[in-house]
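Trainee: Below you'll find the structure I mean.
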Amino acid sequence: RSTDDSFMGHLSYRVALGGLAVTLLVLSVFGVSSALRTSHATDRVRVSGDLSDAYQRARFAVGQEESLERKYRLEPGLAVRAKYDDAAKEFHAALRDVAATGAPADRALTDHLFEVQRSYLRSISSLFDAVDAGDMRRVLAIDAGEVDPRFAAIESQVADGATTHREAAARDLRGLRDTEQSVLTATP
């Protein structure tokens, strides 16, 4: 009988020890997978936020270009043109940031936007030349037929890119919060 009790005690000890080992293994796997999910979600939030910010900078810069184009009609001169050139450079810098950080779809969009921007800048140059020449009929024709449609296309596409990445950042942030909540709930 004491051998049976000793055997049963030893077996119970081994089962308890095995159960503890399995529990620790499950908790370790859960902890590591939660940490990895949290890390990946954090990276996605950061990238989406950076992309949204870069698109917003591009949107602001192209808005400045439009505003300075209008101002040039009222106050033609080198100072306004220099500010316009600075806004165009900021637009390009923001799009380069998008291309460097973004996915292939972002790079394709920035390539397209660079192409449209080149055409837009050629039209702006023609408009500025017409302003300098005092040819308001030509200014209005260039504005209506070239500048405004290209500005609208650029502004719309940049705004869509900003919105897409802002929504992705919000979605990824919700996922991060869900992961944190599951860790907080399951760990105890």
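To be explicit about the labels: the chains of the structure tokens are called A, B, and onward in the order shown, and within each one the residues are counted from 1, while ligands get numbers from 1 in the order they are shown.
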Excluding region 144-148 of chain A and its own-chain neighbours fewer than 3 positions away, which residues fall within 9 Å of it when counting only C-alpha atoms? Please give them as JSON, numbers by chain.
Mentor: {"A": [66, 119, 120, 121, 123, 124, 127, 139, 140, 141, 151, 152, 153]}
Trainee: Taking 5 positions as the minimum chain separation for residues in the same chain, which residues sit within 8 Å of region 109-116 of chain A when counting only C-alpha atoms? Answer as a CSV table (one decimal) with C-alpha atoms, in the first residue's frame.
Mentor:
```csv
chain,number,residue,atom,x,y,z
A,92,HIS,CA,8.5,67.5,-54.3
A,95,LEU,CA,6.3,63.3,-52.4
A,96,ARG,CA,9.9,62.0,-52.2
A,98,VAL,CA,6.0,59.3,-49.6
A,99,ALA,CA,7.9,57.4,-52.3
A,150,ARG,CA,-4.2,70.1,-63.1
A,154,ILE,CA,-3.1,66.9,-57.9
```
Trainee: Pick out the residues sitting within 12 Å of Asp160 (chain A), and hand them over as a VMD selection string; count only C-alpha atoms, and ignore anything fewer than 6 positions along from it in its own chain.
Mentor: chain A and resid 51 to 52 55 to 56 58 to 59 106 109 153 to 154 166 to 167
Trainee: Which residues, written as a ChimeraX atom specification, have at least one atom at most 9 Å from Ala88 (chain A), with only C-alpha atoms counted and residues fewer than 6 positions away on the same chain left out?
Mentor: /A:61-62,64-65,117,121
Trainee: Applying 6 Å and only C-alpha atoms, which residues near region 79-84 of chain A remain after dropping the ones on its own chain fewer than 2 positions away? List them as a compact mmCIF listing (two decimals) with C-alpha atoms, in the first residue's frame.
Mentor:
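The resulting selection32.txt:
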```
# COMPACT_ATOMS: atom_id res chain seq x y z
CA GLU A 65 1.33 77.01 -55.07
CA LEU A 68 0.88 82.13 -54.85
CA GLY A 77 7.62 89.90 -59.12
CA ASP A 86 9.82 77.13 -52.56
CA ALA A 87 6.28 75.72 -52.38
```
Trainee: Identify which of the residues A:Ala94, A:Arg73, A:Ala169, A:Arg118 lies closest to Asp132 (chain A), counting only C-alpha atoms when measuring atom-to-atom distances.
Mentor: A:Arg73
Trainee: Which of these, A:Leu184, A:Val47, A:Ala21, A:Val158, has the shortest distance to Gly63 (chain A) once you count only C-alpha atoms?
Mentor: A:Val158
Trainee: Using only C-alpha atoms, which residues sit within 8 Å of region 174-183 of chain A once same-chain residues fewer than 2 positions away are excluded, as a tab-separated table (two decimals) with all heavy atoms, in the first residue's frame?
Mentor:
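selection13.tsv was written with the following content:
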```tsv
chain	number	residue	atom	x	y	z
A	31	GLY	N	3.05	35.50	-24.70
A	31	GLY	CA	3.79	36.74	-24.46
A	31	GLY	C	4.61	37.16	-25.67
A	31	GLY	O	4.59	38.32	-26.07
A	34	SER	N	2.26	38.12	-28.57
A	34	SER	CA	1.64	39.43	-28.27
A	34	SER	C	2.64	40.56	-28.48
A	34	SER	O	2.31	41.60	-29.04
A	34	SER	CB	1.12	39.46	-26.84
A	34	SER	OG	0.08	38.53	-26.68
A	37	ARG	N	3.05	40.99	-32.25
A	37	ARG	CA	1.87	41.66	-32.83
A	37	ARG	C	1.87	43.13	-32.47
A	37	ARG	O	1.57	43.99	-33.29
A	37	ARG	CB	0.59	40.98	-32.36
A	37	ARG	CG	0.33	39.67	-33.05
A	37	ARG	CD	-1.06	39.10	-32.84
A	37	ARG	NE	-1.83	39.66	-31.75
A	37	ARG	CZ	-2.38	38.96	-30.77
A	37	ARG	NH1	-2.23	37.66	-30.72
A	37	ARG	NH2	-3.09	39.54	-29.84
A	38	THR	N	2.21	43.44	-31.23
A	38	THR	CA	2.25	44.84	-30.78
A	38	THR	C	3.34	45.60	-31.55
A	38	THR	O	3.11	46.72	-32.01
A	38	THR	CB	2.53	44.91	-29.27
A	38	THR	OG1	1.47	44.23	-28.58
A	38	THR	CG2	2.60	46.34	-28.78
A	41	ALA	N	2.18	46.13	-35.16
A	41	ALA	CA	1.10	47.13	-35.21
A	41	ALA	C	1.67	48.53	-34.97
A	41	ALA	O	1.27	49.48	-35.65
A	41	ALA	CB	0.03	46.81	-34.18
A	42	THR	N	2.61	48.64	-34.06
A	42	THR	CA	3.24	49.93	-33.79
A	42	THR	C	3.98	50.43	-35.03
A	42	THR	O	3.89	51.61	-35.39
A	42	THR	CB	4.21	49.82	-32.60
A	42	THR	OG1	3.48	49.39	-31.45
A	42	THR	CG2	4.89	51.14	-32.30
A	170	ALA	N	-5.42	54.89	-38.15
A	170	ALA	CA	-6.47	54.73	-37.14
A	170	ALA	C	-6.85	53.26	-36.98
A	170	ALA	O	-7.03	52.77	-35.86
A	170	ALA	CB	-7.70	55.56	-37.53
A	171	ARG	N	-6.95	52.54	-38.10
A	171	ARG	CA	-7.28	51.11	-38.06
A	171	ARG	C	-6.18	50.33	-37.34
A	171	ARG	O	-6.45	49.48	-36.49
A	171	ARG	CB	-7.49	50.62	-39.48
A	171	ARG	CG	-8.01	49.22	-39.61
A	171	ARG	CD	-8.30	48.81	-41.06
A	171	ARG	NE	-7.24	49.15	-42.00
A	171	ARG	CZ	-7.28	50.15	-42.88
A	171	ARG	NH1	-8.33	50.91	-42.97
A	171	ARG	NH2	-6.26	50.38	-43.70
A	172	ASP	N	-4.93	50.63	-37.67
A	172	ASP	CA	-3.81	49.94	-37.03
A	172	ASP	C	-3.72	50.28	-35.54
A	172	ASP	O	-3.37	49.43	-34.73
A	172	ASP	CB	-2.49	50.28	-37.73
A	172	ASP	CG	-2.41	49.68	-39.12
A	172	ASP	OD1	-3.11	48.68	-39.39
A	172	ASP	OD2	-1.65	50.23	-39.95
A	185	THR	N	-5.97	41.33	-20.48
A	185	THR	CA	-7.01	40.42	-20.01
A	185	THR	C	-6.49	39.00	-19.78
A	185	THR	O	-6.79	38.38	-18.77
A	185	THR	CB	-8.18	40.38	-21.04
A	185	THR	OG1	-8.66	41.70	-21.22
A	185	THR	CG2	-9.29	39.48	-20.58
A	186	ALA	N	-5.70	38.51	-20.73
A	186	ALA	CA	-5.27	37.12	-20.68
A	186	ALA	C	-4.12	36.87	-19.73
A	186	ALA	O	-4.00	35.78	-19.17
A	186	ALA	CB	-4.91	36.64	-22.07
A	187	THR	N	-3.25	37.83	-19.54
A	187	THR	CA	-2.06	37.59	-18.73
A	187	THR	C	-2.39	37.21	-17.28
A	187	THR	O	-1.84	36.26	-16.77
A	187	THR	CB	-1.12	38.81	-18.78
A	187	THR	OG1	-0.73	39.01	-20.14
A	187	THR	CG2	0.11	38.60	-17.93
```
Trainee: So the first atom is CA of Ala93 (chain A) and the second is CA of Gln157 (chain A); what is the distance between them in Å, to one decimal place?
Mentor: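 Separation of CA of Ala93 (chain A) and CA of Gln157 (chain A): 16.5 Å.
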Trainee: Given the choices A:Thr23, A:Ser125, A:Ser156, A:Ser28, which gets closest to Asp85 (chain A) if the distance is worked out from only C-alpha atoms?
Mentor: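 Of the candidates, the smallest distance to Asp85 (chain A) is held by A:Ser125.
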Trainee: For each of A:Ala16, A:Ala168, A:Glu75, A:Arg57, take the minimum atom-to-atom distance to Glu155 (chain A), counting only C-alpha atoms, then give the residue where this is smallest.
Mentor: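 Selected residue with least distance to Glu155 (chain A): A:Arg57.
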Trainee: Kindly give the distance, in Å, that separates CA of Arg122 (chain A) and CA of Pro149 (chain A), rounded to a single decimal.
Mentor: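 Calculated distance between CA of Arg122 (chain A) and CA of Pro149 (chain A) is 13.5 Å.
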